[in-house]
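Asker: Sending over query22.txt (compact mmCIF, C-alpha atoms).
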# COMPACT_ATOMS: atom_id res chain seq x y z
CA MET Q 1 30.21 167.53 79.33
CA PRO Q 2 30.68 170.98 77.72
CA TYR Q 3 30.08 169.69 74.17
CA LYS Q 4 27.28 167.16 73.99
CA PHE Q 5 26.73 167.42 70.23
CA LEU Q 6 29.65 166.98 67.85
CA LEU Q 7 29.15 167.96 64.20
CA PHE Q 8 31.78 166.33 61.98
CA ASP Q 9 32.58 167.30 58.44
CA LEU Q 10 33.41 164.23 56.35
CA ASP Q 11 35.88 164.90 53.54
CA HIS Q 12 39.45 165.67 54.66
CA THR Q 13 38.25 165.35 58.26
CA LEU Q 14 37.21 161.70 58.57
CA LEU Q 15 37.03 160.37 55.02
CA ASP Q 16 40.06 160.39 52.71
CA PHE Q 17 38.66 162.36 49.79
CA ASP Q 18 42.02 162.61 48.04
CA ARG Q 19 42.27 158.82 47.66
CA ALA Q 20 38.59 158.52 46.76
CA GLU Q 21 38.85 161.26 44.15
CA ASP Q 22 42.01 159.81 42.64
CA LEU Q 23 40.47 156.37 42.17
CA ALA Q 24 37.16 157.71 40.84
CA LEU Q 25 38.97 159.96 38.35
CA THR Q 26 41.15 157.09 37.20
CA PHE Q 27 38.12 154.90 36.51
CA LEU Q 28 36.30 157.77 34.75
CA LEU Q 29 39.20 158.84 32.54
CA GLU Q 30 39.97 155.25 31.56
CA GLU Q 31 36.33 154.72 30.63
CA ALA Q 32 36.34 158.00 28.64
CA GLY Q 33 39.24 156.75 26.55
CA VAL Q 34 42.03 158.93 27.94
CA ALA Q 35 45.39 157.28 27.31
CA SER Q 36 47.00 155.87 30.45
CA GLN Q 37 50.06 158.09 30.06
CA GLU Q 38 47.83 161.19 29.96
CA ILE Q 39 45.66 160.46 33.01
CA LYS Q 40 48.00 162.16 35.47
CA VAL Q 41 48.05 165.33 33.33
CA TYR Q 42 44.24 165.42 33.33
CA LYS Q 43 44.13 164.91 37.10
CA ASP Q 44 46.71 167.64 37.73
CA HIS Q 45 44.47 170.12 35.91
CA TYR Q 46 41.16 168.87 37.31
CA ILE Q 47 41.94 168.79 41.03
CA PRO Q 48 42.77 172.50 41.61
CA MET Q 49 40.02 173.52 39.17
CA ASN Q 50 37.44 171.45 41.05
CA ARG Q 51 38.53 172.75 44.46
CA ALA Q 52 38.27 176.33 43.21
CA MET Q 53 34.74 175.63 41.98
CA TRP Q 54 33.73 174.25 45.40
CA GLU Q 55 35.14 177.39 47.03
CA ASP Q 56 33.03 179.43 44.62
CA LEU Q 57 30.02 177.39 45.77
CA ASN Q 58 30.82 178.14 49.42
CA HIS Q 59 30.90 181.85 48.56
CA GLY Q 60 27.63 181.71 46.63
CA LEU Q 61 29.30 182.43 43.27
CA ILE Q 62 28.09 179.24 41.61
CA THR Q 63 25.23 176.77 42.14
CA LYS Q 64 25.81 173.09 42.82
CA PRO Q 65 23.97 171.96 39.65
CA GLU Q 66 26.15 174.34 37.63
CA LEU Q 67 29.30 173.00 39.30
CA LEU Q 68 28.39 169.36 38.64
CA ARG Q 69 27.28 170.03 35.07
CA THR Q 70 30.24 172.10 33.88
CA ARG Q 71 33.39 170.81 35.57
CA PHE Q 72 34.09 167.93 33.19
CA PRO Q 73 33.37 169.91 30.00
CA ARG Q 74 35.81 172.52 31.35
CA LEU Q 75 38.39 169.82 32.01
CA PHE Q 76 38.17 168.22 28.58
CA GLU Q 77 37.89 171.58 26.81
CA HIS Q 78 41.30 172.43 28.27
CA PHE Q 79 42.68 169.48 26.30
CA GLY Q 80 40.76 170.35 23.15
CA LYS Q 81 37.97 167.79 23.54
CA GLU Q 82 34.19 168.11 23.71
CA VAL Q 83 32.23 165.82 26.02
CA ASP Q 84 28.75 165.26 27.44
CA GLY Q 85 29.12 166.90 30.85
CA SER Q 86 25.96 165.42 32.35
CA PHE Q 87 26.91 161.88 31.33
CA LEU Q 88 30.45 162.14 32.68
CA ALA Q 89 29.15 163.74 35.89
CA GLY Q 90 26.90 160.73 36.46
CA ARG Q 91 29.68 158.24 35.80
CA TYR Q 92 32.11 160.04 38.08
CA GLN Q 93 29.54 160.20 40.87
CA HIS Q 94 28.93 156.47 40.46
CA PHE Q 95 32.63 155.67 40.85
CA LEU Q 96 33.07 158.12 43.74
CA SER Q 97 30.08 156.76 45.66
CA GLN Q 98 31.86 153.41 45.95
CA GLN Q 99 34.93 154.83 47.72
CA GLY Q 100 34.84 154.54 51.52
CA GLN Q 101 38.48 155.17 52.35
CA GLU Q 102 39.00 156.74 55.78
CA LEU Q 103 41.79 158.91 57.11
CA PRO Q 104 44.26 157.00 59.33
CA GLN Q 105 42.90 156.43 62.85
CA ALA Q 106 39.46 157.90 62.03
CA HIS Q 107 37.66 154.74 63.12
CA ALA Q 108 39.52 154.44 66.44
CA PHE Q 109 39.06 158.15 67.08
CA LEU Q 110 35.28 158.04 66.60
CA ALA Q 111 35.06 154.90 68.73
CA ASP Q 112 36.79 156.78 71.56
CA VAL Q 113 34.53 159.81 71.14
CA LYS Q 114 31.43 157.61 71.14
CA ASP Q 115 32.57 155.83 74.29
CA ARG Q 116 32.75 159.22 76.02
CA GLY Q 117 29.00 159.66 75.53
CA HIS Q 118 28.93 162.36 72.86
CA LYS Q 119 26.23 162.57 70.22
CA ILE Q 120 27.93 162.42 66.82
CA TYR Q 121 26.55 163.87 63.58
CA ALA Q 122 27.93 164.05 60.05
CA VAL Q 123 27.51 167.45 58.37
CA THR Q 124 28.55 167.60 54.72
CA ASN Q 125 28.04 169.67 51.60
CA GLY Q 126 28.50 166.62 49.41
CA VAL Q 127 26.03 165.10 46.96
CA SER Q 128 23.53 162.92 48.82
CA PHE Q 129 23.88 159.51 47.18
CA ILE Q 130 27.65 159.90 46.93
CA GLN Q 131 28.17 160.69 50.60
CA ARG Q 132 25.74 158.03 51.76
CA GLY Q 133 27.40 155.49 49.46
CA ARG Q 134 30.84 156.38 50.75
CA LEU Q 135 29.69 156.15 54.36
CA GLN Q 136 28.14 152.74 53.63
CA ALA Q 137 31.46 151.63 52.11
CA SER Q 138 33.38 152.85 55.18
CA SER Q 139 33.48 151.46 58.70
CA ILE Q 140 32.44 154.69 60.47
CA LEU Q 141 28.73 154.97 59.62
CA PRO Q 142 27.54 153.19 62.81
CA PHE Q 143 29.11 155.91 64.97
CA PHE Q 144 26.76 158.64 63.70
CA ASP Q 145 23.47 159.43 65.38
CA ASP Q 146 22.35 161.14 62.17
CA VAL Q 147 23.73 162.43 58.88
CA PHE Q 148 22.99 165.90 57.47
CA ILE Q 149 23.75 166.36 53.77
CA SER Q 150 23.22 169.69 52.03
CA ASP Q 151 21.22 168.14 49.18
CA GLU Q 152 18.71 166.75 51.69
CA VAL Q 153 18.75 169.73 54.04
CA GLY Q 154 18.07 172.20 51.23
CA ALA Q 155 20.96 174.46 52.25
CA HIS Q 156 24.72 174.15 52.48
CA LYS Q 157 27.37 175.12 54.99
CA PRO Q 158 28.10 177.90 56.00
CA SER Q 159 24.45 179.00 55.68
CA THR Q 160 22.55 179.36 58.94
CA ASP Q 161 19.67 177.53 57.21
CA PHE Q 162 21.80 174.38 57.25
CA PHE Q 163 22.34 174.58 60.99
CA ASP Q 164 18.73 175.58 61.65
CA LYS Q 165 17.74 172.21 60.20
CA ILE Q 166 19.95 170.49 62.77
CA THR Q 167 18.50 172.58 65.60
CA ASN Q 168 14.97 171.69 64.54
CA GLN Q 169 15.62 167.99 64.00
CA VAL Q 170 17.96 166.99 66.85
CA HIS Q 171 16.26 166.65 70.22
CA ASP Q 172 17.49 169.09 72.86
CA PHE Q 173 20.09 170.57 70.51
CA HIS Q 174 21.47 173.99 71.40
CA PRO Q 175 24.39 175.79 69.72
CA SER Q 176 26.06 176.43 73.07
CA SER Q 177 26.43 172.69 73.70
CA ALA Q 178 27.65 171.87 70.19
CA LEU Q 179 31.03 171.79 68.48
CA ILE Q 180 31.67 171.62 64.74
CA ILE Q 181 34.89 169.95 63.55
CA GLY Q 182 36.12 170.33 59.99
CA ASP Q 183 38.95 171.22 57.65
CA SER Q 184 37.18 173.95 55.67
CA LEU Q 185 37.43 177.51 56.96
CA THR Q 186 34.83 178.77 54.49
CA ALA Q 187 32.27 176.01 55.10
CA ASP Q 188 32.80 174.50 58.57
CA ILE Q 189 34.41 177.27 60.60
CA GLN Q 190 32.47 180.09 58.99
CA GLY Q 191 29.36 177.98 59.41
CA GLY Q 192 30.07 177.68 63.11
CA ASN Q 193 30.65 181.43 63.33
CA ASN Q 194 27.35 182.12 61.57
CA ALA Q 195 25.38 179.69 63.74
CA GLY Q 196 26.98 180.61 67.07
CA ILE Q 197 28.62 177.17 67.42
CA ASP Q 198 32.17 176.67 68.69
CA SER Q 199 34.46 175.21 66.06
CA VAL Q 200 37.60 173.12 65.63
CA TRP Q 201 39.68 173.78 62.54
CA PHE Q 202 41.20 170.42 61.62
CA ASN Q 203 44.45 171.59 60.03
CA PRO Q 204 47.00 168.78 59.75
CA ARG Q 205 48.76 170.56 56.86
CA ASN Q 206 49.45 173.71 58.92
CA LEU Q 207 47.69 176.01 56.48
CA VAL Q 208 47.48 179.74 57.18
CA ASN Q 209 44.04 181.20 57.84
CA GLU Q 210 43.55 183.99 55.32
CA THR Q 211 39.76 184.13 55.68
CA PRO Q 212 37.42 186.06 58.01
CA ALA Q 213 36.47 182.80 59.72
CA VAL Q 214 37.61 182.50 63.35
CA PRO Q 215 37.97 178.97 64.77
CA THR Q 216 37.55 178.45 68.50
CA TYR Q 217 40.30 175.84 68.36
CA GLN Q 218 42.90 174.73 65.84
CA VAL Q 219 44.32 171.20 65.82
CA LYS Q 220 46.71 169.08 63.77
CA ASN Q 221 45.43 165.62 64.72
CA TYR Q 222 42.69 163.64 66.43
CA GLU Q 223 44.57 163.46 69.74
CA GLU Q 224 44.32 167.23 70.08
CA ILE Q 225 40.55 167.02 69.53
CA LEU Q 226 40.30 164.45 72.33
CA LYS Q 227 42.16 166.85 74.63
CA ILE Q 228 39.59 169.56 73.86
CA LEU Q 229 36.76 167.16 74.65
CA SER Q 230 38.45 166.23 77.94
CA LYS Q 231 38.41 169.80 79.27
Rewrite the structure of this file - the entire thing - as structure tokens.
Answerer:
Amino acid sequence: MPYKFLLFDLDHTLLDFDRAEDLALTFLLEEAGVASQEIKVYKDHYIPMNRAMWEDLNHGLITKPELLRTRFPRLFEHFGKEVDGSFLAGRYQHFLSQQGQELPQAHAFLADVKDRGHKIYAVTNGVSFIQRGRLQASSILPFFDDVFISDEVGAHKPSTDFFDKITNQVHDFHPSSALIIGDSLTADIQGGNNAGIDSVWFNPRNLVNETPAVPTYQVKNYEEILKILSK
């Protein structure tokens, strides 16, 4: 077995973050008093803004506390409103932590991988209680041998410190026998590059790689990952 240890990103790889985010935002905006006919306009501004902020985090341009504290004040300021960013951040995280939606076939895919004898680990830059809550609400948690979350590790992907924690904690782990699978070039694939771990860029949307990150493999679906594991 060339890859004994499989490191899986969660959001956009196994968990359906788009659905989870949409529901959590709906609950938050309704609670904050945004009119129902305006909710879509708020979401359309928030989603690209939030993704850009997470990219800034991956590049070390912003800290996670700063991201979590300022994103909702920035959103509401765009619409001429002033809000308590810390309070809204807590409410949004509460709603998001309850969302365990999975991508289609994720459960069956992990069941197949597990049956092949691989060790499976979750590796995520998400907020600890949110990601653990979402995994608890999903059906895929039992497949993981362990879960590594940046808040608990004390470092985030693509930092080598994140992967050093895995090396130190997982028995018999070695980068040469590991494979990281994820959708993010800047976090997952660059993380694999930094740590000397082969990588699979999960790219169902056929995006163009415009980053310095170099994936070992590129796939569009879970079946193509299974073919890699069968080599």
Asker: Taking only C-alpha atoms into account, name the residue in Q:Arg116, Q:His78, Q:His156, Q:Lys227 that is nearest to Leu57 (chain Q).
Answerer: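 For Leu57 (chain Q), the nearest of the given residues is Q:His156.
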Asker: Using all atoms listed in the file and a cutoff of 10 Å, can you tell me which residues are near (45.6, 168.8, 58.4) in the file's coordinates, and write them out as a list in words?
Answerer: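 Applying the cut-off with all atoms listed in the file, one gets His12, Thr13, Gly182, Asp183, Trp201, Phe202, Asn203, Pro204, Arg205, Asn206, Leu207, Gln218, Val219, Lys220, Asn221 and Tyr222 of chain Q.
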Asker: Considering only C-alpha atoms, give me a table of residues in region 132-207 of chain Q that are at most 9 Å from region 81-97 of chain Q, with the closest atom pair and distance in Å for each, as a tab-separated table.
Answerer:
residue	atom	partner	partner_atom	distance
Q:Arg132	CA	Q:Ser97	CA	7.6
Q:Gly133	CA	Q:Ser97	CA	4.8
Q:Arg134	CA	Q:Ser97	CA	5.2
Q:Leu135	CA	Q:Ser97	CA	8.7
Q:Ala137	CA	Q:Ser97	CA	8.4
Asker: Interatomic distance between CA of Phe144 (chain Q) and CA of Phe17 (chain Q)?
Answerer: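 Between these atoms lies a distance of 18.7 Å.
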Asker: Using all atoms listed in the file, which of the listed residues (Q:Glu102, Q:Glu152, Q:Asp172, Q:Glu31) sits closest to Val127 (chain Q)?
Answerer: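 Closest to Val127 (chain Q) of all the choices is Q:Glu152.
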Asker: Using the file's own x, y and z axes, what box holds all listed atoms of region 202-214 of chain Q with 3 Å on each side, keeping edges along x, y and z, and what are its centre and edge lengths in Å to one decimal, as lines of an AutoDock Vina configuration file?
Answerer:
center_x = 43.0
center_y = 177.4
center_z = 59.3
size_x = 19.0
size_y = 23.3
size_z = 14.0
Asker: Just the number, please: distance in Å from CA of Gln99 (chain Q) to CA of Leu229 (chain Q), one decimal.
Answerer: 29.7 Å
Asker: In Å, rounded to a single decimal, give me how far CA of Asp161 (chain Q) is from CA of Lys64 (chain Q).
Answerer: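 Taking CA of Lys64 (chain Q) as the start and CA of Asp161 (chain Q) as the end point, the length is 16.3 Å.
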